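Enquirer: Take this structure, written in structure tokens, and hold onto it; I'll ask about it next.
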Amino acid sequence: MSHRIEIIVPAGIEALARAEAQRIAGIRLDPPGESGVISATMRGPLPALFDVRCAISVFLVRSFAIPRPRALLGDEHFRAVTAMIDTVRRLHPANTFQTLFLSAAGAESSVLRRFKHELSERLGLALGEEDGDLVLRLRPSRDRAGWDVLVRLTPRPLATRPWRVCNREGALNGPVAHAMALLSKPRASDRVLNVGCGSGTLLIERLLIGPAAQAIGCDTDPEALACAYRNLAAAGLSHKVTLHDWDAQQLPLPPASVDVVLADLPFGHLVGSHASNVTLYPALLREAARVTRLDGCAVIISHEVRLMERTLAELPEWQLEQHLRVDLGGLYPRIFVLRRVAQA
């Protein structure tokens, strides 16, 4: 049996997400379309989609040739919607889903309130106020010839990483961190340094892709390091990482001692300020160049785009190979992929 699905990803990393999804047995991707959405037909087992690490969420999709949502209350269409939900519930242990949430324009209209309440009674689920374990979306079909019902495949978004037992304000989105790790072209021989490691997101996502010869995280905030220790332990990676209270502008490392630098630099929004970044960015990038071997790389995300561009223009040690503009829920930072080169 085949299913229509949508994989929701942070806008900007669609190409990486498509490459990841194409490795799943039984999937056939539609041509690229809407930003942040990968549409596909799945002929393999749906649980294989639970491991798409570039995804925010994955939804089961069905289109209904109806003029208005009221028609979903009719017996045939209502049974079709509950069959979709039953398909999703069977993917998980009993009692995984306790609450139901409908996301739709006009969700508080009399028709959709009745639709939610009838689903709630039929399924034995409580109605969620903000979100729920079982999430449905209702929208007009893209061809405007009917309406689409979407059911999320998992009780929590895939972006909600199970290892994140400690969170910090401004912590990097898991799918974006995974994309950054992929952009470093990871190899088992890599010596990886994560400067300003925060709660450990980049280190964890890198090591979940595959092993590294060495993985080091550093931060000057003791609370951040404590948080990273907890998350690394939850991910089962504590023994593969060393964390240090180091200033990224003065690293106690020999020249050319690392292969890959990963960094989520302060944007000056939740962390730091633009004034401090003007000094921090040049010093940090210069020090990163010192400790990175020739032909090594750095993958850095920042919302301070102009400052990054000005800084890189003054540092011939770094060659810009690629940059991606990504959507972090209303912020649009860029991922900079840099190559360490010899100075002219």
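The chains in the structure tokens are called A, B, ... from first to last as shown; in each chain the residues are counted from 1, and the ligands are counted from 1 in the order shown.
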With only C-alpha atoms as the counted atoms, please give the residues lying no more than 8 Å from A:Gln322, apart from itself and same-chain residues fewer than 5 positions off, as a list in words.

Expert: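 Counting only the stated atoms, we get Phe336, Val337 and Leu338 of chain A.
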
Enquirer: Could you save those same residues with all heavy atoms as a PDB file, in the first residue's frame?

Expert:
```
ATOM      1  N   PHE A 336      27.537  29.204   6.849  1.00  0.00           N
ATOM      2  CA  PHE A 336      28.709  29.472   6.035  1.00  0.00           C
ATOM      3  C   PHE A 336      29.599  28.226   6.056  1.00  0.00           C
ATOM      4  O   PHE A 336      29.983  27.753   7.137  1.00  0.00           O
ATOM      5  CB  PHE A 336      29.500  30.658   6.588  1.00  0.00           C
ATOM      6  CG  PHE A 336      28.757  31.972   6.531  1.00  0.00           C
ATOM      7  CD1 PHE A 336      27.836  32.307   7.512  1.00  0.00           C
ATOM      8  CD2 PHE A 336      28.990  32.861   5.498  1.00  0.00           C
ATOM      9  CE1 PHE A 336      27.151  33.524   7.476  1.00  0.00           C
ATOM     10  CE2 PHE A 336      28.316  34.073   5.439  1.00  0.00           C
ATOM     11  CZ  PHE A 336      27.398  34.401   6.425  1.00  0.00           C
ATOM     12  N   VAL A 337      29.917  27.712   4.879  1.00  0.00           N
ATOM     13  CA  VAL A 337      30.835  26.578   4.759  1.00  0.00           C
ATOM     14  C   VAL A 337      32.165  27.121   4.249  1.00  0.00           C
ATOM     15  O   VAL A 337      32.237  27.658   3.128  1.00  0.00           O
ATOM     16  CB  VAL A 337      30.290  25.495   3.810  1.00  0.00           C
ATOM     17  CG1 VAL A 337      31.244  24.298   3.765  1.00  0.00           C
ATOM     18  CG2 VAL A 337      28.902  25.047   4.254  1.00  0.00           C
ATOM     19  N   LEU A 338      33.198  27.021   5.093  1.00  0.00           N
ATOM     20  CA  LEU A 338      34.492  27.639   4.805  1.00  0.00           C
ATOM     21  C   LEU A 338      35.566  26.565   4.632  1.00  0.00           C
ATOM     22  O   LEU A 338      35.536  25.526   5.295  1.00  0.00           O
ATOM     23  CB  LEU A 338      34.900  28.571   5.957  1.00  0.00           C
ATOM     24  CG  LEU A 338      33.851  29.564   6.443  1.00  0.00           C
ATOM     25  CD1 LEU A 338      34.385  30.349   7.629  1.00  0.00           C
ATOM     26  CD2 LEU A 338      33.439  30.520   5.322  1.00  0.00           C
TER      27      LEU A 338
END
```

Enquirer: Env of stretch 202-210 of chain A: 6 Å cut, atoms = only C-alpha atoms, seq-sep filter 6 positions within chain, self excluded. Answer as a PyMOL selection string.

Expert: chain A and resi 177-178+181

Enquirer: Filtering to N, CA, C and O atoms, could you give me those residues as a PDB file, in the first residue's frame?

Expert:
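Below you can see out20.pdb, which holds the result:
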```pdb
ATOM      1  N   ALA A 177      21.227  21.764  12.916  1.00  0.00           N
ATOM      2  CA  ALA A 177      22.520  21.274  13.398  1.00  0.00           C
ATOM      3  C   ALA A 177      22.933  20.024  12.627  1.00  0.00           C
ATOM      4  O   ALA A 177      24.114  19.856  12.276  1.00  0.00           O
ATOM      5  N   HIS A 178      21.989  19.149  12.352  1.00  0.00           N
ATOM      6  CA  HIS A 178      22.290  17.946  11.574  1.00  0.00           C
ATOM      7  C   HIS A 178      22.751  18.330  10.174  1.00  0.00           C
ATOM      8  O   HIS A 178      23.724  17.761   9.650  1.00  0.00           O
ATOM      9  N   ALA A 181      26.292  19.494  10.281  1.00  0.00           N
ATOM     10  CA  ALA A 181      27.218  18.367  10.398  1.00  0.00           C
ATOM     11  C   ALA A 181      27.405  17.680   9.048  1.00  0.00           C
ATOM     12  O   ALA A 181      28.519  17.296   8.678  1.00  0.00           O
TER      13      ALA A 181
END
```

Enquirer: Tell me, in Å to one decimal, how far atom CA of A:Arg191 is from atom CA of A:Ala298.

Expert: 11.9 Å

Enquirer: So which residues touch stretch 109-125 of chain A within 12 Å, counting only C-alpha atoms, skipping near sequence neighbours fewer than 6 positions away, as number ranges by chain?

Expert: A: 68-75, 77-86, 89, 95-103, 132-138

Enquirer: Using only C-alpha atoms, which of the listed residues (A:Ala226, A:Leu193, A:Met180, A:Ala212) sits closest to A:Asn167?

Expert: A:Ala226

Enquirer: Determine the nearest neighbour of A:Thr154 from the options A:Asp295, A:Glu287, A:Glu309, A:Asp51, counting only C-alpha atoms.

Expert: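 Closest candidate: A:Asp51.
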
Enquirer: As a PyMOL selection string, please: the residues near A:Thr220 (cut-off 8 Å, only C-alpha atoms, same-chain neighbours under 3 positions excluded).

Expert: chain A and resi 196+245-247

Enquirer: For the atom pair atom CA of A:Arg62 and atom CA of A:Gly26, what is the interatomic distance in Å to one decimal place?

Expert: 18.4 Å

Enquirer: Measuring atom to atom with only C-alpha atoms, identify which of A:Pro157, A:Lys185, A:Asp221, A:Gly36 is nearest to A:Arg325.

Expert: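 Counting only C-alpha atoms, the residue closest to A:Arg325 is A:Gly36.
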
Enquirer: Please provide the set of residues having any atom within 10 Å of A:Arg18, restricted to only C-alpha atoms, with same-chain residues fewer than 3 positions apart removed, written as a PyMOL selection string.

Expert: chain A and resi 7+9+13-15+21-23+29-30+32+37-39+52+54-55

Enquirer: If you run DSSP on this backbone, which residues of stretch 112-240 of chain A come out as strand (DSSP E), and could you give them as JSON, numbers by chain?

Expert: {"A": [126, 127, 134, 135, 136, 137, 138, 139, 140, 147, 148, 149, 150, 151, 152, 191, 192, 193, 194, 195, 214, 215, 216, 217, 218]}

Enquirer: Can you measure atom CA of A:Leu225 to atom CA of A:Cys297 for me? One decimal in Å is fine.

Expert: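 According to the coordinates, atom CA of A:Leu225 and atom CA of A:Cys297 are separated by 24.1 Å.
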
Enquirer: Mind checking which residues fall within 10 Å of A:Ala288, counting only C-alpha atoms, ignoring those fewer than 2 positions away in the same chain, and posting them as a ChimeraX atom specification?

Expert: /A:193,195,248-251,255-256,258,260-262,282-286,290-293,297-298,317-318,340

Enquirer: Taking only C-alpha atoms into account, name the residue in A:Arg28, A:Arg43, A:Arg4, A:His92 that is nearest to A:Val149.

Expert: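 Answer, going by the shortest atom-to-atom distance: A:Arg4.
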
Enquirer: Using only C-alpha atoms, which of A:Thr41, A:Ser184, A:Gln214, A:Thr242 sits nearest A:Cys197?

Expert: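 Among A:Thr41, A:Ser184, A:Gln214, A:Thr242, it is A:Thr242 that comes nearest to A:Cys197.
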
Enquirer: Name all residues at most 9 Å from A:Ser199 (count only C-alpha atoms; drop same-chain ones fewer than 2 positions away) and give them as a PyMOL selection string.

Expert: chain A and resi 164+166-168+171-172+197+201-202+223-232

Enquirer: Could you find all residues in stretch 61-257 of chain A that DSSP calls helix (DSSP H, G or I) from the backbone, and write them as an MDAnalysis selection string?

Expert: chainID A and resid 69:73 75:89 110:123 174:183 201:209 222:234 238:240
